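Structure, as structure tokens:
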Amino acid sequence: MMGNSMMEKQVMAGKAKITGNTQTLGEFVSWLDNFEFWFNIVTP
């Protein structure tokens, strides 16, 4: 989620496991937005 590592790499390395419909997971992840970490929440 933080972009430090790709989920595919984690699954292939055995560090993560996906159960259920992987297409649904891929669809959900495609809906997420990428924001700059240090964006202004409130501006003067």
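Residue numbering restarts at 1 for every chain of the structure tokens, chains are lettered A, B, ... in their displayed order, and ligands are numbered from 1 as they appear.
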Secondary structure check, alpha helix (DSSP H) residues of chain A, as JSON, numbers by chain: {"A": [7, 8, 9, 10, 11, 12, 22, 23, 24, 25, 26, 27, 28, 29, 30, 31]}
Export of the given selection (N, CA and C atoms) as a PDB file, in the first residue's frame:
```
ATOM      1  N   MET A   7       3.260  -6.291  -4.787  1.00  0.00           N
ATOM      2  CA  MET A   7       2.580  -7.467  -4.251  1.00  0.00           C
ATOM      3  C   MET A   7       2.994  -8.727  -4.993  1.00  0.00           C
ATOM      4  N   GLU A   8       3.153  -8.630  -6.321  1.00  0.00           N
ATOM      5  CA  GLU A   8       3.563  -9.806  -7.099  1.00  0.00           C
ATOM      6  C   GLU A   8       4.879 -10.366  -6.595  1.00  0.00           C
ATOM      7  N   LYS A   9       5.843  -9.505  -6.305  1.00  0.00           N
ATOM      8  CA  LYS A   9       7.148  -9.950  -5.810  1.00  0.00           C
ATOM      9  C   LYS A   9       7.020 -10.628  -4.456  1.00  0.00           C
ATOM     10  N   GLN A  10       6.155 -10.082  -3.593  1.00  0.00           N
ATOM     11  CA  GLN A  10       5.959 -10.664  -2.265  1.00  0.00           C
ATOM     12  C   GLN A  10       5.332 -12.056  -2.366  1.00  0.00           C
ATOM     13  N   VAL A  11       4.364 -12.226  -3.264  1.00  0.00           N
ATOM     14  CA  VAL A  11       3.714 -13.527  -3.443  1.00  0.00           C
ATOM     15  C   VAL A  11       4.714 -14.530  -3.999  1.00  0.00           C
ATOM     16  N   MET A  12       5.490 -14.110  -5.000  1.00  0.00           N
ATOM     17  CA  MET A  12       6.464 -15.022  -5.609  1.00  0.00           C
ATOM     18  C   MET A  12       7.552 -15.432  -4.624  1.00  0.00           C
ATOM     19  N   THR A  22      -8.258 -13.464  -7.350  1.00  0.00           N
ATOM     20  CA  THR A  22      -7.171 -12.496  -7.551  1.00  0.00           C
ATOM     21  C   THR A  22      -7.581 -11.379  -8.501  1.00  0.00           C
ATOM     22  N   GLN A  23      -8.514 -11.638  -9.407  1.00  0.00           N
ATOM     23  CA  GLN A  23      -8.981 -10.584 -10.313  1.00  0.00           C
ATOM     24  C   GLN A  23      -9.716  -9.502  -9.534  1.00  0.00           C
ATOM     25  N   THR A  24     -10.480  -9.887  -8.541  1.00  0.00           N
ATOM     26  CA  THR A  24     -11.187  -8.918  -7.715  1.00  0.00           C
ATOM     27  C   THR A  24     -10.195  -8.057  -6.940  1.00  0.00           C
ATOM     28  N   LEU A  25      -9.143  -8.650  -6.426  1.00  0.00           N
ATOM     29  CA  LEU A  25      -8.103  -7.879  -5.741  1.00  0.00           C
ATOM     30  C   LEU A  25      -7.463  -6.887  -6.703  1.00  0.00           C
ATOM     31  N   GLY A  26      -7.147  -7.340  -7.903  1.00  0.00           N
ATOM     32  CA  GLY A  26      -6.553  -6.453  -8.898  1.00  0.00           C
ATOM     33  C   GLY A  26      -7.469  -5.296  -9.253  1.00  0.00           C
ATOM     34  N   GLU A  27      -8.762  -5.572  -9.357  1.00  0.00           N
ATOM     35  CA  GLU A  27      -9.735  -4.513  -9.650  1.00  0.00           C
ATOM     36  C   GLU A  27      -9.780  -3.500  -8.514  1.00  0.00           C
ATOM     37  N   PHE A  28      -9.805  -3.990  -7.269  1.00  0.00           N
ATOM     38  CA  PHE A  28      -9.829  -3.098  -6.107  1.00  0.00           C
ATOM     39  C   PHE A  28      -8.593  -2.195  -6.078  1.00  0.00           C
ATOM     40  N   VAL A  29      -7.430  -2.772  -6.287  1.00  0.00           N
ATOM     41  CA  VAL A  29      -6.186  -2.006  -6.252  1.00  0.00           C
ATOM     42  C   VAL A  29      -6.172  -0.954  -7.363  1.00  0.00           C
ATOM     43  N   SER A  30      -6.776  -1.254  -8.490  1.00  0.00           N
ATOM     44  CA  SER A  30      -6.811  -0.286  -9.590  1.00  0.00           C
ATOM     45  C   SER A  30      -7.648   0.941  -9.244  1.00  0.00           C
ATOM     46  N   TRP A  31      -8.543   0.826  -8.268  1.00  0.00           N
ATOM     47  CA  TRP A  31      -9.374   1.961  -7.846  1.00  0.00           C
ATOM     48  C   TRP A  31      -8.633   2.905  -6.915  1.00  0.00           C
TER      49      TRP A  31
END
```
